[in-house]
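Beneath this line is the structure, given in structure tokens, with notes to follow.
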Amino acid sequence: MNQNAVEIRALEKHFPRFKLGPLDLTVPQGVIYGLIGPNGAGKTTTLDLIFGLGDPDAGAIKVLGLDHRRDEVAVKRQAAYASPDASFRAWGTGRKLIRFVSGFYPAWDEAYCEKLLAELHVNPDEKITALSSGSRVKLGVIIALAWHPKVVVLDEPAAGLDAISKQQVFAELLAAVQDEERTVIVSSHALTDLERFADHIGMIKNGQLLLEGPTCRIVERFKLLDFVSEDGAAFVSADGVFIQRHERNQWQAMVDTERHTMESLASRGARQISATPMTLEDIFVALGKD
Amino acid sequence: MSDKRPACLLPPVSPAAGPLYQQIVDNLKRAISDGRLAGGAPLPSFRQLAGELMVSLITVKRAYEELERDGIILRRQGLGTFVARDGDDRSRRVKTERAEELLRAGAREAAEAGLKEREIAEVFRRILAKEKP
């Protein structure tokens, strides 16, 4: 029961100008896991590797306890992947695409598929080339969900969607994990939605994991502090202190409260400290900057 | 049994207004201390509330755990979650403590700004007269 949905250990993939890893990710079962990171951080590379699109140079990936390579068939029977790169145009209409794809999955749930099409306002009889890019992304999500796979991996399921569609997609994902047996992994830049819907967050940057954990804990862990200090040198170089701006003796910094307390900052000469909570987006921006 | 509950028990929450679970905790405490949720009343399930507020299950669990720890709600195995009999008293007590804490922080800030005791009291009276909670 408490098995992890996906475990990535010491994963490496080398490209001429980019190196992913060594990367460890742990996705618990029954959660929505948001994989976030600046463009080019390695999110899509990681998700592709889970599904055997490309060979890792080192490390191991387990999906539901199974090796993603050795037990490939068993993994693909329980895990779905939707990528925004899929164009689907060759099938003509969504209906034909669905008829084709559903043939591969004995567990295909036609009623659920119809419900998703209706709720996400995708017309399956429209020509795929005539669909908006948002509708095409939604079509990919619907196909990934419709056969009730245990693990659903979605690369950028919110790309190109307006705020309303984005919420609808995330609400469907929320409904999909309600039985706590299914797991959804999404890479996304829709940070406000992820803060709301994702139970777990992993943030990567330059191919390395920066932080991972329950969303609420991450959001609580970082605070924006305003304080007065005559000597900033004590803070500029400190680990876990991210200076946002300063003017004369007034400082504003994001602080990792697992490393610093108000008291420890006061002992370094900070006065009149006031703390403001941060959103996931604020934290992302502060950590993503070099 | 669940349809007897008001449809919109809690106001919506938003990441822009601080940690989501904290907003749920605060909103539930408010609903309990002002009597909209009476002692012994059933609370929505994790799932129901998560769906209603459009937040993850973990967020709702976290909020319930915190309220349980403060003795404001009780979980009964297999039956669900309920407002504690004296949940309103406890909720009020917790809120009072929190209010004191905020007032203390306000007084500290005012003192740092150079206000005298008399002036701080004056500011506070003015706020009270305007706000009429």
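Please note that chains go A, B, ... in the order of the structure tokens, that every chain numbers its residues from 1, and that ligands are numbered from 1 in the order shown.
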
Please list as a VMD selection string every residue within 8 Å of Leu20 in chain B, counting only C-alpha atoms and excluding residues in the same chain fewer than 4 positions away.
(chain A and resid 196 216) or (chain B and resid 13 to 15 24 59)

Any chance you can output those residues with N, CA and C atoms as a PDB file, in the first residue's frame?
ATOM      1  N   ARG A 196      -2.647  24.903  -5.429  1.00  0.00           N
ATOM      2  CA  ARG A 196      -3.978  24.515  -5.009  1.00  0.00           C
ATOM      3  C   ARG A 196      -4.165  23.002  -5.086  1.00  0.00           C
ATOM      4  N   CYS A 216       2.245  21.980   1.002  1.00  0.00           N
ATOM      5  CA  CYS A 216       1.994  22.893   2.125  1.00  0.00           C
ATOM      6  C   CYS A 216       3.271  23.114   2.936  1.00  0.00           C
TER       7      CYS A 216
ATOM      8  N   VAL B  13     -10.920  29.591  -0.954  1.00  0.00           N
ATOM      9  CA  VAL B  13      -9.566  29.901  -0.502  1.00  0.00           C
ATOM     10  C   VAL B  13      -8.704  30.173  -1.732  1.00  0.00           C
ATOM     11  N   SER B  14      -7.639  30.926  -1.534  1.00  0.00           N
ATOM     12  CA  SER B  14      -6.767  31.248  -2.659  1.00  0.00           C
ATOM     13  C   SER B  14      -5.317  31.303  -2.213  1.00  0.00           C
ATOM     14  N   PRO B  15      -4.410  30.749  -3.028  1.00  0.00           N
ATOM     15  CA  PRO B  15      -2.992  30.759  -2.655  1.00  0.00           C
ATOM     16  C   PRO B  15      -2.465  32.157  -2.363  1.00  0.00           C
ATOM     17  N   ILE B  24      -8.334  27.324   5.526  1.00  0.00           N
ATOM     18  CA  ILE B  24      -9.440  26.405   5.823  1.00  0.00           C
ATOM     19  C   ILE B  24      -9.633  26.302   7.332  1.00  0.00           C
ATOM     20  N   THR B  59      -4.310  18.960   1.690  1.00  0.00           N
ATOM     21  CA  THR B  59      -4.561  20.267   2.296  1.00  0.00           C
ATOM     22  C   THR B  59      -5.711  20.181   3.299  1.00  0.00           C
TER      23      THR B  59
END

Contact residues (chain B, partner chain A, 10 Å, only C-alpha atoms) as a compact mmCIF listing (two decimals) with N, CA and C atoms, in the first residue's frame:
# COMPACT_ATOMS: atom_id res chain seq x y z
N VAL B 13 -10.92 29.59 -0.95
CA VAL B 13 -9.57 29.90 -0.50
C VAL B 13 -8.70 30.17 -1.73
N SER B 14 -7.64 30.93 -1.53
CA SER B 14 -6.77 31.25 -2.66
C SER B 14 -5.32 31.30 -2.21
N PRO B 15 -4.41 30.75 -3.03
CA PRO B 15 -2.99 30.76 -2.65
C PRO B 15 -2.46 32.16 -2.36
N ALA B 16 -3.13 33.19 -2.92
CA ALA B 16 -2.62 34.54 -2.71
C ALA B 16 -2.80 35.00 -1.27
N ALA B 17 -3.66 34.31 -0.51
CA ALA B 17 -3.96 34.78 0.85
C ALA B 17 -3.29 33.94 1.93
N GLY B 18 -2.12 33.39 1.65
CA GLY B 18 -1.40 32.61 2.66
C GLY B 18 -1.64 31.13 2.48
N PRO B 19 -1.01 30.29 3.37
CA PRO B 19 -1.14 28.84 3.22
C PRO B 19 -2.62 28.41 3.15
N LEU B 20 -2.94 27.55 2.19
CA LEU B 20 -4.33 27.16 1.97
C LEU B 20 -4.93 26.46 3.18
N TYR B 21 -4.17 25.54 3.79
CA TYR B 21 -4.76 24.79 4.91
C TYR B 21 -5.09 25.73 6.06
N GLN B 22 -4.23 26.77 6.21
CA GLN B 22 -4.46 27.74 7.29
C GLN B 22 -5.77 28.50 7.05
N PHE B 46 -13.11 14.58 3.69
CA PHE B 46 -11.94 15.16 3.02
C PHE B 46 -12.25 15.42 1.56
N ARG B 47 -12.79 14.36 0.96
CA ARG B 47 -13.02 14.38 -0.48
C ARG B 47 -13.98 15.48 -0.88
N GLN B 48 -15.11 15.51 -0.12
CA GLN B 48 -16.14 16.49 -0.43
C GLN B 48 -15.59 17.91 -0.34
N ALA B 50 -12.46 18.88 -0.34
CA ALA B 50 -11.40 19.12 -1.34
C ALA B 50 -12.04 19.47 -2.69
N GLY B 51 -13.08 18.74 -3.05
CA GLY B 51 -13.76 19.00 -4.32
C GLY B 51 -14.43 20.37 -4.31
N LEU B 53 -13.74 23.06 -2.43
CA LEU B 53 -12.81 24.20 -2.36
C LEU B 53 -11.76 24.14 -3.46
N MET B 54 -11.77 23.04 -4.25
CA MET B 54 -10.77 22.86 -5.30
C MET B 54 -9.36 22.92 -4.74
N VAL B 55 -9.12 22.13 -3.74
CA VAL B 55 -7.76 22.02 -3.20
C VAL B 55 -7.45 20.54 -3.05
N SER B 56 -6.18 20.21 -2.85
CA SER B 56 -5.80 18.81 -2.76
C SER B 56 -6.30 18.21 -1.45
N LEU B 57 -6.45 16.87 -1.46
CA LEU B 57 -6.89 16.14 -0.27
C LEU B 57 -5.98 16.41 0.92
N ILE B 58 -4.67 16.43 0.66
CA ILE B 58 -3.69 16.62 1.73
C ILE B 58 -3.93 17.94 2.46
N THR B 59 -4.31 18.96 1.69
CA THR B 59 -4.56 20.27 2.30
C THR B 59 -5.71 20.18 3.30
N ARG B 62 -4.67 18.09 6.37
CA ARG B 62 -3.81 18.91 7.21
C ARG B 62 -4.64 19.86 8.07
N ALA B 105 1.83 41.92 18.85
CA ALA B 105 2.71 42.29 17.73
C ALA B 105 2.46 43.72 17.31
N ARG B 108 4.02 46.07 19.76
CA ARG B 108 5.47 46.09 19.60
C ARG B 108 5.85 47.03 18.44
N GLU B 109 5.12 46.85 17.33
CA GLU B 109 5.38 47.66 16.14
C GLU B 109 5.18 49.14 16.46
N GLU B 112 7.95 50.47 18.49
CA GLU B 112 9.14 50.68 17.66
C GLU B 112 9.02 51.95 16.82

Write out as a VMD selection string all residues of range 18-92 of chain B that backbone DSSP assigns to strand (DSSP E).
chain B and resid 73 to 76 80 to 83

DSSP on the backbone, then: every residue of range 13-262 of chain A marked alpha helix (DSSP H), written as a VMD selection string.
chain A and resid 43 to 50 72 to 76 94 to 102 110 to 119 133 to 145 163 to 176 191 to 197 215 to 221 233 to 236 262

What's the 8 Å shell around Arg271 in chain A, counting only C-alpha atoms, without same-chain residues fewer than 3 positions away, as a list in words?
Phe227, Val228, Ser229 and Ala266 of chain A

Could you give me, as an mmCIF file with N, CA and C atoms, in the first residue's frame, the residues within 10 Å of range 42-53 of chain A, counting only C-alpha atoms and dropping anything in the same chain fewer than 2 positions from it?
data_model
loop_
_atom_site.group_PDB
_atom_site.id
_atom_site.type_symbol
_atom_site.label_atom_id
_atom_site.label_comp_id
_atom_site.auth_asym_id
_atom_site.auth_seq_id
_atom_site.Cartn_x
_atom_site.Cartn_y
_atom_site.Cartn_z
ATOM 1 N N VAL A 6 6.312 6.256 -8.207
ATOM 2 C CA VAL A 6 7.517 6.339 -9.038
ATOM 3 C C VAL A 6 8.716 6.644 -8.151
ATOM 4 N N GLU A 7 9.785 5.913 -8.383
ATOM 5 C CA GLU A 7 11.047 6.175 -7.675
ATOM 6 C C GLU A 7 12.149 6.333 -8.692
ATOM 7 N N ILE A 8 12.780 7.473 -8.654
ATOM 8 C CA ILE A 8 13.905 7.714 -9.554
ATOM 9 C C ILE A 8 15.144 7.837 -8.694
ATOM 10 N N LEU A 11 19.463 9.085 -11.346
ATOM 11 C CA LEU A 11 19.243 9.101 -12.794
ATOM 12 C C LEU A 11 20.147 10.127 -13.474
ATOM 13 N N GLU A 12 20.774 9.696 -14.569
ATOM 14 C CA GLU A 12 21.617 10.630 -15.330
ATOM 15 C C GLU A 12 21.352 10.479 -16.809
ATOM 16 N N LYS A 13 21.382 11.595 -17.490
ATOM 17 C CA LYS A 13 21.284 11.592 -18.945
ATOM 18 C C LYS A 13 22.160 12.735 -19.444
ATOM 19 N N PHE A 18 23.896 19.705 -22.011
ATOM 20 C CA PHE A 18 23.056 19.621 -20.814
ATOM 21 C C PHE A 18 23.263 18.276 -20.147
ATOM 22 N N LYS A 19 23.309 18.333 -18.818
ATOM 23 C CA LYS A 19 23.401 17.078 -18.088
ATOM 24 C C LYS A 19 22.269 17.017 -17.075
ATOM 25 N N LEU A 20 21.482 15.953 -17.168
ATOM 26 C CA LEU A 20 20.432 15.741 -16.175
ATOM 27 C C LEU A 20 20.997 14.867 -15.068
ATOM 28 N N GLY A 21 20.763 15.309 -13.824
ATOM 29 C CA GLY A 21 21.117 14.475 -12.696
ATOM 30 C C GLY A 21 22.542 14.636 -12.221
ATOM 31 N N LEU A 23 19.825 12.517 -10.383
ATOM 32 C CA LEU A 23 18.541 12.998 -9.908
ATOM 33 C C LEU A 23 17.800 11.906 -9.135
ATOM 34 N N LEU A 25 14.023 11.317 -7.417
ATOM 35 C CA LEU A 25 12.663 11.823 -7.205
ATOM 36 C C LEU A 25 11.853 10.709 -6.567
ATOM 37 N N LEU A 35 5.800 18.583 -10.975
ATOM 38 C CA LEU A 35 7.229 18.732 -11.277
ATOM 39 C C LEU A 35 7.421 20.112 -11.886
ATOM 40 N N ILE A 36 8.159 20.966 -11.180
ATOM 41 C CA ILE A 36 8.309 22.337 -11.661
ATOM 42 C C ILE A 36 9.781 22.667 -11.848
ATOM 43 N N GLY A 37 10.027 23.711 -12.595
ATOM 44 C CA GLY A 37 11.401 24.134 -12.849
ATOM 45 C C GLY A 37 11.421 25.093 -14.017
ATOM 46 N N PRO A 38 12.443 25.950 -14.077
ATOM 47 C CA PRO A 38 12.541 26.881 -15.201
ATOM 48 C C PRO A 38 12.650 26.114 -16.524
ATOM 49 N N ASN A 39 12.388 26.798 -17.627
ATOM 50 C CA ASN A 39 12.537 26.172 -18.936
ATOM 51 C C ASN A 39 13.941 25.602 -19.065
ATOM 52 N N GLY A 40 14.028 24.388 -19.601
ATOM 53 C CA GLY A 40 15.336 23.791 -19.804
ATOM 54 C C GLY A 40 15.912 23.147 -18.554
ATOM 55 N N ASP A 55 17.361 6.349 -23.481
ATOM 56 C CA ASP A 55 17.953 5.506 -22.440
ATOM 57 C C ASP A 55 18.696 6.353 -21.435
ATOM 58 N N PRO A 56 18.515 6.088 -20.149
ATOM 59 C CA PRO A 56 19.313 6.813 -19.162
ATOM 60 C C PRO A 56 20.783 6.401 -19.269
ATOM 61 N N ALA A 60 18.332 4.379 -11.883
ATOM 62 C CA ALA A 60 17.225 3.439 -11.964
ATOM 63 C C ALA A 60 15.897 4.177 -11.843
ATOM 64 N N ILE A 61 14.908 3.663 -12.559
ATOM 65 C CA ILE A 61 13.551 4.208 -12.455
ATOM 66 C C ILE A 61 12.606 3.055 -12.147
ATOM 67 N N LYS A 62 11.835 3.210 -11.093
ATOM 68 C CA LYS A 62 10.822 2.197 -10.782
ATOM 69 C C LYS A 62 9.447 2.828 -10.826
ATOM 70 N N VAL A 63 8.542 2.146 -11.511
ATOM 71 C CA VAL A 63 7.155 2.585 -11.560
ATOM 72 C C VAL A 63 6.326 1.496 -10.886
ATOM 73 N N ASP A 67 10.722 -2.249 -12.635
ATOM 74 C CA ASP A 67 11.782 -1.577 -13.386
ATOM 75 C C ASP A 67 11.224 -1.094 -14.727
ATOM 76 N N HIS A 68 11.460 0.167 -15.040
ATOM 77 C CA HIS A 68 10.799 0.756 -16.211
ATOM 78 C C HIS A 68 11.281 0.153 -17.524
ATOM 79 N N ARG A 69 12.432 -0.482 -17.511
ATOM 80 C CA ARG A 69 12.946 -1.105 -18.730
ATOM 81 C C ARG A 69 12.637 -2.593 -18.774
ATOM 82 N N GLU A 72 8.914 -3.374 -18.884
ATOM 83 C CA GLU A 72 8.307 -2.297 -19.657
ATOM 84 C C GLU A 72 6.826 -2.525 -19.960
ATOM 85 N N VAL A 75 4.675 -2.102 -16.935
ATOM 86 C CA VAL A 75 4.595 -0.684 -16.564
ATOM 87 C C VAL A 75 3.599 0.029 -17.468
ATOM 88 N N LYS A 76 3.711 -0.234 -18.785
ATOM 89 C CA LYS A 76 2.849 0.499 -19.719
ATOM 90 C C LYS A 76 1.393 0.071 -19.637
ATOM 91 N N ALA A 79 0.456 2.596 -16.706
ATOM 92 C CA ALA A 79 0.858 3.999 -16.684
ATOM 93 C C ALA A 79 0.629 4.649 -18.034
ATOM 94 N N ALA A 80 0.102 5.870 -18.012
ATOM 95 C CA ALA A 80 -0.161 6.606 -19.248
ATOM 96 C C ALA A 80 0.685 7.864 -19.299
ATOM 97 N N TYR A 81 0.982 8.298 -20.505
ATOM 98 C CA TYR A 81 1.803 9.486 -20.676
ATOM 99 C C TYR A 81 1.173 10.368 -21.733
ATOM 100 N N ALA A 82 0.969 11.621 -21.424
ATOM 101 C CA ALA A 82 0.488 12.563 -22.434
ATOM 102 C C ALA A 82 1.506 13.673 -22.589
ATOM 103 N N SER A 83 1.914 13.891 -23.819
ATOM 104 C CA SER A 83 2.904 14.917 -24.098
ATOM 105 C C SER A 83 2.275 15.993 -24.980
ATOM 106 N N VAL A 153 1.037 10.360 -16.265
ATOM 107 C CA VAL A 153 2.102 11.356 -16.356
ATOM 108 C C VAL A 153 1.733 12.352 -17.448
ATOM 109 N N LEU A 154 1.651 13.607 -17.093
ATOM 110 C CA LEU A 154 1.223 14.633 -18.032
ATOM 111 C C LEU A 154 2.276 15.716 -18.118
ATOM 112 N N ASP A 155 2.798 15.887 -19.332
ATOM 113 C CA ASP A 155 3.781 16.944 -19.533
ATOM 114 C C ASP A 155 3.015 18.191 -19.974
ATOM 115 N N GLU A 156 3.062 19.225 -19.180
ATOM 116 C CA GLU A 156 2.415 20.498 -19.518
ATOM 117 C C GLU A 156 0.941 20.374 -19.895
ATOM 118 N N ILE A 185 1.267 12.669 -12.162
ATOM 119 C CA ILE A 185 2.476 13.477 -12.154
ATOM 120 C C ILE A 185 2.336 14.512 -13.263
ATOM 121 N N VAL A 186 2.439 15.781 -12.919
ATOM 122 C CA VAL A 186 2.326 16.816 -13.946
ATOM 123 C C VAL A 186 3.531 17.729 -13.912
ATOM 124 N N SER A 187 4.043 18.026 -15.094
ATOM 125 C CA SER A 187 5.002 19.112 -15.159
ATOM 126 C C SER A 187 4.210 20.314 -15.623
ATOM 127 N N SER A 188 4.412 21.442 -14.978
ATOM 128 C CA SER A 188 3.592 22.587 -15.353
ATOM 129 C C SER A 188 4.220 23.887 -14.874
ATOM 130 N N MET A 203 10.989 20.413 -7.334
ATOM 131 C CA MET A 203 11.483 21.489 -8.191
ATOM 132 C C MET A 203 12.883 21.158 -8.664
ATOM 133 N N ILE A 204 13.088 21.195 -9.985
ATOM 134 C CA ILE A 204 14.425 20.963 -10.505
ATOM 135 C C ILE A 204 14.921 22.193 -11.248
ATOM 136 N N LYS A 205 16.225 22.290 -11.278
ATOM 137 C CA LYS A 205 16.866 23.423 -11.956
ATOM 138 C C LYS A 205 18.228 22.944 -12.433
ATOM 139 N N ASN A 206 18.563 23.245 -13.665
ATOM 140 C CA ASN A 206 19.825 22.785 -14.258
ATOM 141 C C ASN A 206 20.044 21.286 -14.050
ATOM 142 N N GLY A 207 18.981 20.501 -14.174
ATOM 143 C CA GLY A 207 19.114 19.056 -14.072
ATOM 144 C C GLY A 207 19.261 18.515 -12.664
ATOM 145 N N GLN A 208 19.152 19.400 -11.658
ATOM 146 C CA GLN A 208 19.318 18.974 -10.267
ATOM 147 C C GLN A 208 18.040 19.234 -9.472
ATOM 148 N N LEU A 209 17.766 18.363 -8.497
ATOM 149 C CA LEU A 209 16.619 18.573 -7.630
ATOM 150 C C LEU A 209 16.943 19.664 -6.611
#
